[in-house]
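Asker: What follows is start.txt, made up of compact mmCIF, N, CA and C atoms:
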```txt
# COMPACT_ATOMS: atom_id res chain seq x y z
N MET H 275 115.57 72.42 155.19
CA MET H 275 116.06 73.44 156.10
C MET H 275 114.93 73.87 157.03
N LEU H 276 115.25 74.08 158.29
CA LEU H 276 114.25 74.51 159.27
C LEU H 276 113.87 75.96 159.01
N THR H 277 112.60 76.27 159.22
CA THR H 277 112.11 77.63 158.94
C THR H 277 111.58 78.34 160.18
N GLY H 278 111.47 77.65 161.31
CA GLY H 278 110.99 78.28 162.53
C GLY H 278 110.48 77.25 163.50
N LEU H 279 110.00 77.70 164.62
CA LEU H 279 109.41 76.80 165.61
C LEU H 279 108.04 76.37 165.13
N ASN H 280 107.78 75.07 165.11
CA ASN H 280 106.51 74.56 164.63
C ASN H 280 105.48 74.51 165.75
N HIS H 281 105.77 73.78 166.80
CA HIS H 281 104.85 73.70 167.94
C HIS H 281 105.58 73.22 169.18
N LEU H 282 104.96 73.39 170.33
CA LEU H 282 105.45 72.84 171.59
C LEU H 282 104.44 71.81 172.06
N THR H 283 104.90 70.67 172.51
CA THR H 283 104.03 69.66 173.12
C THR H 283 104.49 69.47 174.55
N LEU H 284 103.56 69.59 175.49
CA LEU H 284 103.86 69.42 176.90
C LEU H 284 103.09 68.22 177.43
N ALA H 285 103.78 67.29 178.07
CA ALA H 285 103.13 66.16 178.73
C ALA H 285 102.50 66.67 180.02
N VAL H 286 101.23 66.37 180.23
CA VAL H 286 100.51 66.84 181.42
C VAL H 286 99.84 65.67 182.12
N THR H 287 99.59 65.80 183.42
CA THR H 287 98.99 64.71 184.19
C THR H 287 97.50 64.89 184.41
N ASP H 288 96.99 66.10 184.27
CA ASP H 288 95.56 66.38 184.45
C ASP H 288 95.17 67.36 183.34
N LEU H 289 94.56 66.85 182.29
CA LEU H 289 94.28 67.65 181.10
C LEU H 289 93.37 68.84 181.42
N ASN H 290 92.31 68.61 182.17
CA ASN H 290 91.39 69.71 182.47
C ASN H 290 92.07 70.82 183.26
N ARG H 291 92.89 70.45 184.23
CA ARG H 291 93.63 71.43 185.02
C ARG H 291 94.58 72.24 184.13
N SER H 292 95.27 71.56 183.22
CA SER H 292 96.22 72.25 182.34
C SER H 292 95.52 73.13 181.32
N VAL H 293 94.40 72.66 180.77
CA VAL H 293 93.63 73.51 179.85
C VAL H 293 93.18 74.77 180.58
N ALA H 294 92.69 74.62 181.80
CA ALA H 294 92.26 75.79 182.58
C ALA H 294 93.43 76.74 182.81
N PHE H 295 94.60 76.21 183.13
CA PHE H 295 95.77 77.05 183.37
C PHE H 295 96.14 77.84 182.12
N TYR H 296 96.29 77.16 180.99
CA TYR H 296 96.75 77.82 179.77
C TYR H 296 95.65 78.68 179.13
N HIS H 297 94.41 78.24 179.20
CA HIS H 297 93.32 78.99 178.58
C HIS H 297 92.78 80.08 179.51
N ASP H 298 92.39 79.72 180.71
CA ASP H 298 91.75 80.67 181.61
C ASP H 298 92.74 81.64 182.25
N LEU H 299 93.86 81.13 182.73
CA LEU H 299 94.80 81.98 183.45
C LEU H 299 95.77 82.71 182.51
N LEU H 300 96.39 81.97 181.57
CA LEU H 300 97.34 82.60 180.65
C LEU H 300 96.67 83.16 179.41
N GLN H 301 95.43 82.79 179.16
CA GLN H 301 94.60 83.32 178.08
C GLN H 301 95.05 82.94 176.67
N LEU H 302 95.59 81.72 176.50
CA LEU H 302 95.82 81.21 175.16
C LEU H 302 94.47 80.85 174.55
N GLN H 303 94.37 80.91 173.24
CA GLN H 303 93.15 80.56 172.52
C GLN H 303 92.99 79.04 172.51
N LEU H 304 91.86 78.54 172.97
CA LEU H 304 91.58 77.10 172.93
C LEU H 304 91.08 76.76 171.53
N GLU H 305 91.80 75.87 170.84
CA GLU H 305 91.48 75.52 169.45
C GLU H 305 90.73 74.20 169.34
N ALA H 306 91.12 73.20 170.12
CA ALA H 306 90.48 71.88 170.05
C ALA H 306 90.87 71.08 171.28
N THR H 307 89.99 70.17 171.67
CA THR H 307 90.30 69.23 172.74
C THR H 307 89.87 67.84 172.31
N TRP H 308 90.45 66.83 172.91
CA TRP H 308 90.04 65.44 172.73
C TRP H 308 90.32 64.71 174.02
N ASP H 309 90.05 63.44 174.09
CA ASP H 309 90.15 62.69 175.35
C ASP H 309 91.51 62.80 176.01
N THR H 310 92.57 62.84 175.22
CA THR H 310 93.91 62.84 175.80
C THR H 310 94.74 64.05 175.39
N GLY H 311 94.10 65.13 174.96
CA GLY H 311 94.90 66.27 174.55
C GLY H 311 94.10 67.52 174.25
N ALA H 312 94.84 68.56 173.93
CA ALA H 312 94.25 69.85 173.57
C ALA H 312 95.23 70.63 172.72
N TYR H 313 94.70 71.45 171.83
CA TYR H 313 95.49 72.40 171.07
C TYR H 313 95.08 73.80 171.49
N LEU H 314 96.09 74.62 171.78
CA LEU H 314 95.88 76.02 172.10
C LEU H 314 96.83 76.84 171.24
N SER H 315 96.59 78.15 171.17
CA SER H 315 97.45 78.96 170.33
C SER H 315 97.58 80.39 170.84
N LEU H 316 98.65 81.00 170.40
CA LEU H 316 98.91 82.43 170.45
C LEU H 316 99.39 82.78 169.05
N PRO H 317 99.38 84.04 168.67
CA PRO H 317 99.95 84.35 167.35
C PRO H 317 101.38 83.81 167.23
N GLY H 318 101.61 82.95 166.27
CA GLY H 318 102.92 82.39 166.05
C GLY H 318 103.27 81.19 166.91
N LEU H 319 102.35 80.72 167.76
CA LEU H 319 102.64 79.59 168.63
C LEU H 319 101.50 78.59 168.61
N TRP H 320 101.84 77.33 168.41
CA TRP H 320 100.89 76.22 168.51
C TRP H 320 101.36 75.39 169.69
N LEU H 321 100.49 75.24 170.69
CA LEU H 321 100.80 74.49 171.89
C LEU H 321 99.91 73.26 171.96
N CYS H 322 100.51 72.09 172.13
CA CYS H 322 99.78 70.85 172.31
C CYS H 322 99.96 70.37 173.74
N LEU H 323 98.86 70.09 174.44
CA LEU H 323 98.90 69.45 175.74
C LEU H 323 98.56 67.99 175.52
N SER H 324 99.40 67.10 175.99
CA SER H 324 99.22 65.66 175.76
C SER H 324 99.19 64.94 177.10
N LEU H 325 98.08 64.27 177.39
CA LEU H 325 97.91 63.57 178.66
C LEU H 325 98.94 62.46 178.81
N ASP H 326 99.70 62.50 179.89
CA ASP H 326 100.71 61.49 180.19
C ASP H 326 100.74 61.30 181.70
N PRO H 327 99.92 60.39 182.23
CA PRO H 327 99.84 60.20 183.67
C PRO H 327 101.15 59.77 184.32
N LEU H 328 102.12 59.33 183.52
CA LEU H 328 103.40 58.89 184.07
C LEU H 328 104.41 60.03 184.21
N ARG H 329 104.04 61.23 183.78
CA ARG H 329 104.97 62.36 183.84
C ARG H 329 105.39 62.63 185.28
N ASN H 330 106.67 62.82 185.46
CA ASN H 330 107.21 63.20 186.77
C ASN H 330 106.94 64.68 186.98
N SER H 331 106.18 65.04 188.01
CA SER H 331 105.76 66.43 188.19
C SER H 331 106.77 67.28 188.96
N GLU H 332 107.89 66.72 189.38
CA GLU H 332 108.88 67.50 190.11
C GLU H 332 109.83 68.18 189.12
N PRO H 333 109.88 69.53 189.10
CA PRO H 333 110.72 70.20 188.11
C PRO H 333 112.20 69.94 188.35
N ALA H 334 112.93 69.81 187.26
CA ALA H 334 114.38 69.60 187.34
C ALA H 334 115.06 70.90 187.74
N ALA H 335 116.29 70.80 188.16
CA ALA H 335 117.03 71.97 188.62
C ALA H 335 117.65 72.75 187.47
N GLU H 336 117.54 72.29 186.25
CA GLU H 336 118.19 72.98 185.13
C GLU H 336 117.32 74.11 184.58
N TYR H 337 117.88 74.86 183.63
CA TYR H 337 117.32 76.13 183.18
C TYR H 337 116.38 76.01 181.97
N THR H 338 116.20 74.86 181.37
CA THR H 338 115.33 74.73 180.21
C THR H 338 113.95 75.25 180.55
N HIS H 339 113.41 76.13 179.67
CA HIS H 339 112.09 76.70 179.89
C HIS H 339 111.53 77.25 178.58
N PHE H 340 110.27 77.61 178.60
CA PHE H 340 109.58 78.20 177.45
C PHE H 340 109.20 79.62 177.83
N ALA H 341 109.53 80.58 176.97
CA ALA H 341 109.25 81.99 177.27
C ALA H 341 108.18 82.52 176.33
N PHE H 342 107.24 83.24 176.90
CA PHE H 342 106.19 83.93 176.15
C PHE H 342 106.48 85.42 176.17
N SER H 343 106.17 86.09 175.08
CA SER H 343 106.32 87.54 175.01
C SER H 343 105.12 88.22 175.65
N ILE H 344 105.37 89.37 176.27
CA ILE H 344 104.30 90.17 176.86
C ILE H 344 104.69 91.63 176.76
N ASN H 345 103.71 92.50 176.56
CA ASN H 345 103.95 93.94 176.51
C ASN H 345 104.24 94.48 177.90
N ALA H 346 105.09 95.48 177.96
CA ALA H 346 105.47 96.07 179.25
C ALA H 346 104.26 96.59 180.01
N THR H 347 103.28 97.15 179.29
CA THR H 347 102.10 97.69 179.97
C THR H 347 101.22 96.60 180.57
N ASP H 348 101.26 95.40 180.01
CA ASP H 348 100.45 94.29 180.51
C ASP H 348 101.15 93.49 181.60
N PHE H 349 102.46 93.65 181.72
CA PHE H 349 103.26 92.80 182.59
C PHE H 349 102.84 92.86 184.06
N PRO H 350 102.69 94.03 184.69
CA PRO H 350 102.35 94.05 186.12
C PRO H 350 101.03 93.35 186.44
N LEU H 351 100.01 93.57 185.63
CA LEU H 351 98.71 92.92 185.86
C LEU H 351 98.81 91.41 185.66
N PHE H 352 99.57 90.98 184.67
CA PHE H 352 99.77 89.55 184.42
C PHE H 352 100.43 88.88 185.63
N VAL H 353 101.49 89.49 186.13
CA VAL H 353 102.20 88.93 187.29
C VAL H 353 101.27 88.89 188.49
N GLU H 354 100.52 89.95 188.71
CA GLU H 354 99.59 89.98 189.85
C GLU H 354 98.53 88.88 189.73
N ARG H 355 98.01 88.65 188.51
CA ARG H 355 97.01 87.60 188.30
C ARG H 355 97.58 86.23 188.65
N LEU H 356 98.82 85.95 188.21
CA LEU H 356 99.43 84.66 188.51
C LEU H 356 99.75 84.52 190.00
N ARG H 357 100.26 85.56 190.60
CA ARG H 357 100.54 85.49 192.04
C ARG H 357 99.25 85.32 192.84
N SER H 358 98.18 85.97 192.43
CA SER H 358 96.89 85.83 193.12
C SER H 358 96.35 84.41 193.00
N ALA H 359 96.71 83.73 191.93
CA ALA H 359 96.29 82.34 191.72
C ALA H 359 97.27 81.36 192.37
N ASP H 360 98.23 81.85 193.13
CA ASP H 360 99.24 81.04 193.81
C ASP H 360 100.08 80.20 192.86
N VAL H 361 100.33 80.75 191.68
CA VAL H 361 101.22 80.09 190.73
C VAL H 361 102.64 80.16 191.29
N ARG H 362 103.34 79.04 191.24
CA ARG H 362 104.67 78.94 191.84
C ARG H 362 105.74 79.58 190.95
N GLU H 363 106.57 80.44 191.54
CA GLU H 363 107.71 81.04 190.85
C GLU H 363 108.92 80.12 191.00
N TRP H 364 109.79 80.06 189.97
CA TRP H 364 110.95 79.18 190.05
C TRP H 364 112.28 79.90 189.91
N ARG H 365 112.27 81.18 189.63
CA ARG H 365 113.54 81.90 189.46
C ARG H 365 113.27 83.39 189.54
N ASP H 366 114.27 84.14 189.98
CA ASP H 366 114.22 85.60 189.93
C ASP H 366 114.79 86.06 188.60
N ASN H 367 114.33 87.21 188.13
CA ASN H 367 114.84 87.75 186.87
C ASN H 367 116.28 88.23 187.05
N ARG H 368 117.16 87.80 186.13
CA ARG H 368 118.56 88.18 186.19
C ARG H 368 119.04 88.78 184.87
N SER H 369 118.13 89.10 183.98
CA SER H 369 118.55 89.60 182.67
C SER H 369 117.79 90.87 182.33
N GLU H 370 118.07 91.39 181.16
CA GLU H 370 117.43 92.62 180.69
C GLU H 370 115.95 92.38 180.48
N GLY H 371 115.19 93.42 180.63
CA GLY H 371 113.75 93.31 180.42
C GLY H 371 113.06 92.65 181.60
N ALA H 372 111.84 93.02 181.82
CA ALA H 372 111.06 92.40 182.90
C ALA H 372 110.75 90.96 182.54
N SER H 373 110.91 90.07 183.51
CA SER H 373 110.58 88.65 183.32
C SER H 373 109.94 88.11 184.58
N PHE H 374 109.00 87.22 184.39
CA PHE H 374 108.38 86.49 185.49
C PHE H 374 108.50 85.02 185.16
N TYR H 375 109.22 84.28 186.01
CA TYR H 375 109.46 82.85 185.80
C TYR H 375 108.49 82.07 186.68
N PHE H 376 107.70 81.17 186.08
CA PHE H 376 106.67 80.46 186.82
C PHE H 376 106.50 79.04 186.29
N LEU H 377 105.85 78.20 187.10
CA LEU H 377 105.61 76.80 186.73
C LEU H 377 104.15 76.61 186.37
N ASP H 378 103.91 75.72 185.39
CA ASP H 378 102.53 75.32 185.12
C ASP H 378 102.17 74.21 186.12
N PRO H 379 100.93 73.71 186.09
CA PRO H 379 100.53 72.70 187.09
C PRO H 379 101.35 71.42 187.07
N ASP H 380 102.04 71.12 185.96
CA ASP H 380 102.87 69.92 185.88
C ASP H 380 104.35 70.21 186.05
N GLY H 381 104.68 71.42 186.45
CA GLY H 381 106.07 71.76 186.69
C GLY H 381 106.86 72.18 185.47
N HIS H 382 106.22 72.39 184.31
CA HIS H 382 106.94 72.92 183.16
C HIS H 382 107.36 74.34 183.48
N LYS H 383 108.59 74.66 183.17
CA LYS H 383 109.14 75.98 183.46
C LYS H 383 108.77 76.96 182.35
N LEU H 384 108.13 78.05 182.75
CA LEU H 384 107.66 79.06 181.82
C LEU H 384 108.20 80.42 182.23
N GLU H 385 108.16 81.35 181.29
CA GLU H 385 108.59 82.72 181.55
C GLU H 385 107.71 83.65 180.73
N ALA H 386 107.33 84.76 181.31
CA ALA H 386 106.73 85.87 180.57
C ALA H 386 107.80 86.95 180.51
N HIS H 387 108.16 87.39 179.30
CA HIS H 387 109.31 88.29 179.12
C HIS H 387 108.92 89.51 178.30
N VAL H 388 109.32 90.67 178.81
CA VAL H 388 109.18 91.92 178.07
C VAL H 388 110.49 92.14 177.34
N GLY H 389 110.44 92.16 176.03
CA GLY H 389 111.64 92.36 175.23
C GLY H 389 111.73 91.32 174.14
N ASP H 390 112.80 91.38 173.38
CA ASP H 390 113.01 90.44 172.28
C ASP H 390 114.51 90.24 172.09
N LEU H 391 114.88 89.52 171.05
CA LEU H 391 116.30 89.25 170.83
C LEU H 391 117.08 90.54 170.61
N ALA H 392 116.50 91.50 169.89
CA ALA H 392 117.21 92.76 169.64
C ALA H 392 117.50 93.51 170.94
N SER H 393 116.52 93.55 171.84
CA SER H 393 116.76 94.25 173.11
C SER H 393 117.76 93.49 173.98
N ARG H 394 117.74 92.16 173.93
CA ARG H 394 118.71 91.36 174.68
C ARG H 394 120.12 91.60 174.15
N LEU H 395 120.28 91.59 172.82
CA LEU H 395 121.61 91.80 172.26
C LEU H 395 122.12 93.21 172.55
N ALA H 396 121.24 94.20 172.53
CA ALA H 396 121.64 95.57 172.85
C ALA H 396 122.14 95.65 174.29
N ALA H 397 121.43 95.00 175.21
CA ALA H 397 121.85 94.98 176.61
C ALA H 397 123.18 94.24 176.76
N CYS H 398 123.36 93.17 176.00
CA CYS H 398 124.59 92.39 176.07
C CYS H 398 125.77 93.17 175.49
N ARG H 399 125.52 94.03 174.54
CA ARG H 399 126.60 94.87 174.01
C ARG H 399 127.06 95.86 175.09
N GLU H 400 126.14 96.29 175.93
CA GLU H 400 126.48 97.19 177.04
C GLU H 400 127.22 96.43 178.15
N ARG H 401 126.75 95.23 178.44
CA ARG H 401 127.34 94.40 179.51
C ARG H 401 127.42 92.96 179.01
N PRO H 402 128.44 92.63 178.23
CA PRO H 402 128.53 91.28 177.65
C PRO H 402 128.78 90.20 178.70
N TYR H 403 128.24 89.01 178.42
CA TYR H 403 128.53 87.84 179.24
C TYR H 403 130.00 87.47 179.03
N ALA H 404 130.57 86.74 179.95
CA ALA H 404 131.98 86.33 179.86
C ALA H 404 132.21 85.59 178.54
N GLY H 405 133.19 86.05 177.77
CA GLY H 405 133.56 85.39 176.52
C GLY H 405 132.59 85.63 175.37
N MET H 406 131.67 86.56 175.49
CA MET H 406 130.64 86.77 174.47
C MET H 406 131.23 87.37 173.20
N LYS H 407 130.76 86.86 172.04
CA LYS H 407 131.14 87.36 170.73
C LYS H 407 129.87 87.70 169.97
N PHE H 408 129.91 88.75 169.20
CA PHE H 408 128.77 89.16 168.37
C PHE H 408 129.16 88.93 166.91
N PHE H 409 128.40 88.13 166.20
CA PHE H 409 128.81 87.70 164.88
C PHE H 409 128.41 88.66 163.77
N ASP H 410 127.57 89.64 164.05
CA ASP H 410 127.26 90.62 163.01
C ASP H 410 128.38 91.65 162.90
N ASP H 411 129.33 91.64 163.85
CA ASP H 411 130.46 92.54 163.83
C ASP H 411 131.62 92.00 162.98
N LEU H 412 131.54 90.72 162.62
CA LEU H 412 132.68 90.08 161.91
C LEU H 412 132.67 90.42 160.44
```
Let me see the structure of the file written as structure tokens.
Answerer:
Amino acid sequence: MLTGLNHLTLAVTDLNRSVAFYHDLLQLQLEATWDTGAYLSLPGLWLCLSLDPLRNSEPAAEYTHFAFSINATDFPLFVERLRSADVREWRDNRSEGASFYFLDPDGHKLEAHVGDLASRLAACRERPYAGMKFFDDL
């Protein structure tokens, strides 16, 4: 039986550029590097960057993305730091809680989000999505 998220692996085209983005700009802890990869971490997250020069760097039009948690007090400064670094935004926030949607150097879709599942469900109880059902009510 699955017990949680183990790790994320992202294919990247320039390892040094991606390490700088995740370590220097997003401030993940750098754990290890090797010729074709790197391990970084946040509490509860293990991120692997894997060099893949064949990766298509043009982001797809679909919504798949990785979201990181951030405290509300840190959010404005975080967004300003990314905008100052000319990090590309890919979507406007349309849900509860502050969110900043941005791309990494290889076009992986990322989000910094203030809130958690409990706050999302509370907001959805106030304004449910079309056809939404809550299973703790059953």
Asker: Point out the residue among H:Pro402, H:His387, H:Thr283, H:Ser343 with the least atom-to-atom distance to Trp320 in chain H, counting only N, CA and C atoms.
Answerer: H:Thr283
Asker: Atom C of Leu395 in chain H and atom C of Phe409 in chain H, how far apart in Å?
Answerer: 11.7 Å
Asker: Between range 325-404 of chain H and range 287-291 of chain H, at 6 Å or less, what are the per-residue closest atom pairs and their distances in Å? Count only N, CA and C atoms, order by chain and rising residue number, and return it as a tab-separated table.
Answerer:
```
residue	atom	partner	partner_atom	distance
H:Leu325	CA	H:Thr287	N	5.5
H:Asp326	C	H:Thr287	CA	4.6
H:Pro327	CA	H:Thr287	CA	4.6
H:Asp380	CA	H:Thr287	N	5.8
```
Asker: As a PDB file with N, CA and C atoms, keeping the file's coordinate frame, please: the residues near Ala346 in chain H (cut-off 8 Å, all atoms listed in the file, same-chain neighbours under 5 positions excluded).
Answerer:
```pdb
ATOM      1  N   LEU H 351     100.010  93.570 185.630  1.00  0.00           N
ATOM      2  CA  LEU H 351      98.710  92.920 185.860  1.00  0.00           C
ATOM      3  C   LEU H 351      98.810  91.410 185.660  1.00  0.00           C
ATOM      4  N   ALA H 372     111.840  93.020 181.820  1.00  0.00           N
ATOM      5  CA  ALA H 372     111.060  92.400 182.900  1.00  0.00           C
ATOM      6  C   ALA H 372     110.750  90.960 182.540  1.00  0.00           C
ATOM      7  N   HIS H 387     108.160  87.390 179.300  1.00  0.00           N
ATOM      8  CA  HIS H 387     109.310  88.290 179.120  1.00  0.00           C
ATOM      9  C   HIS H 387     108.920  89.510 178.300  1.00  0.00           C
ATOM     10  N   VAL H 388     109.320  90.670 178.810  1.00  0.00           N
ATOM     11  CA  VAL H 388     109.180  91.920 178.070  1.00  0.00           C
ATOM     12  C   VAL H 388     110.490  92.140 177.340  1.00  0.00           C
ATOM     13  N   GLY H 389     110.440  92.160 176.030  1.00  0.00           N
ATOM     14  CA  GLY H 389     111.640  92.360 175.230  1.00  0.00           C
ATOM     15  C   GLY H 389     111.730  91.320 174.140  1.00  0.00           C
TER      16      GLY H 389
END
```
Asker: For Tyr313 in chain H, work out the shell of residues within 8 Å, counting all atoms listed in the file and skipping chain neighbours fewer than 6 positions away, then give it as a ChimeraX atom specification.
Answerer: /H:302-307,320-324
Asker: Would you pick out the contacts of Trp364 in chain H at 6.5 Å or less, using only N, CA and C atoms, so that residues sharing its chain but fewer than 5 positions from it are not included, and give the list as a ChimeraX atom specification?
Answerer: /H:375-377
Asker: What is the distance between atom N of Met406 in chain H and atom N of Arg394 in chain H, in Å to one decimal?
Answerer: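 Interatomic distance, atom N of Met406 in chain H to atom N of Arg394 in chain H: 15.1 Å.
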Asker: Pick out each residue of range 342-391 of chain H that DSSP on the backbone tags as helix (DSSP H, G or I); I need them as a PDB file with N, CA and C atoms, in the frame of the given file.
Answerer:
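So selection21.pdb came out as:
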```pdb
ATOM      1  N   PHE H 349     102.460  93.650 181.720  1.00  0.00           N
ATOM      2  CA  PHE H 349     103.260  92.800 182.590  1.00  0.00           C
ATOM      3  C   PHE H 349     102.840  92.860 184.060  1.00  0.00           C
ATOM      4  N   PRO H 350     102.690  94.030 184.690  1.00  0.00           N
ATOM      5  CA  PRO H 350     102.350  94.050 186.120  1.00  0.00           C
ATOM      6  C   PRO H 350     101.030  93.350 186.440  1.00  0.00           C
ATOM      7  N   LEU H 351     100.010  93.570 185.630  1.00  0.00           N
ATOM      8  CA  LEU H 351      98.710  92.920 185.860  1.00  0.00           C
ATOM      9  C   LEU H 351      98.810  91.410 185.660  1.00  0.00           C
ATOM     10  N   PHE H 352      99.570  90.980 184.670  1.00  0.00           N
ATOM     11  CA  PHE H 352      99.770  89.550 184.420  1.00  0.00           C
ATOM     12  C   PHE H 352     100.430  88.880 185.630  1.00  0.00           C
ATOM     13  N   VAL H 353     101.490  89.490 186.130  1.00  0.00           N
ATOM     14  CA  VAL H 353     102.200  88.930 187.290  1.00  0.00           C
ATOM     15  C   VAL H 353     101.270  88.890 188.490  1.00  0.00           C
ATOM     16  N   GLU H 354     100.520  89.950 188.710  1.00  0.00           N
ATOM     17  CA  GLU H 354      99.590  89.980 189.850  1.00  0.00           C
ATOM     18  C   GLU H 354      98.530  88.880 189.730  1.00  0.00           C
ATOM     19  N   ARG H 355      98.010  88.650 188.510  1.00  0.00           N
ATOM     20  CA  ARG H 355      97.010  87.600 188.300  1.00  0.00           C
ATOM     21  C   ARG H 355      97.580  86.230 188.650  1.00  0.00           C
ATOM     22  N   LEU H 356      98.820  85.950 188.210  1.00  0.00           N
ATOM     23  CA  LEU H 356      99.430  84.660 188.510  1.00  0.00           C
ATOM     24  C   LEU H 356      99.750  84.520 190.000  1.00  0.00           C
ATOM     25  N   ARG H 357     100.260  85.560 190.600  1.00  0.00           N
ATOM     26  CA  ARG H 357     100.540  85.490 192.040  1.00  0.00           C
ATOM     27  C   ARG H 357      99.250  85.320 192.840  1.00  0.00           C
ATOM     28  N   SER H 358      98.180  85.970 192.430  1.00  0.00           N
ATOM     29  CA  SER H 358      96.890  85.830 193.120  1.00  0.00           C
ATOM     30  C   SER H 358      96.350  84.410 193.000  1.00  0.00           C
ATOM     31  N   LEU H 391     114.880  89.520 171.050  1.00  0.00           N
ATOM     32  CA  LEU H 391     116.300  89.250 170.830  1.00  0.00           C
ATOM     33  C   LEU H 391     117.080  90.540 170.610  1.00  0.00           C
TER      34      LEU H 391
END
```
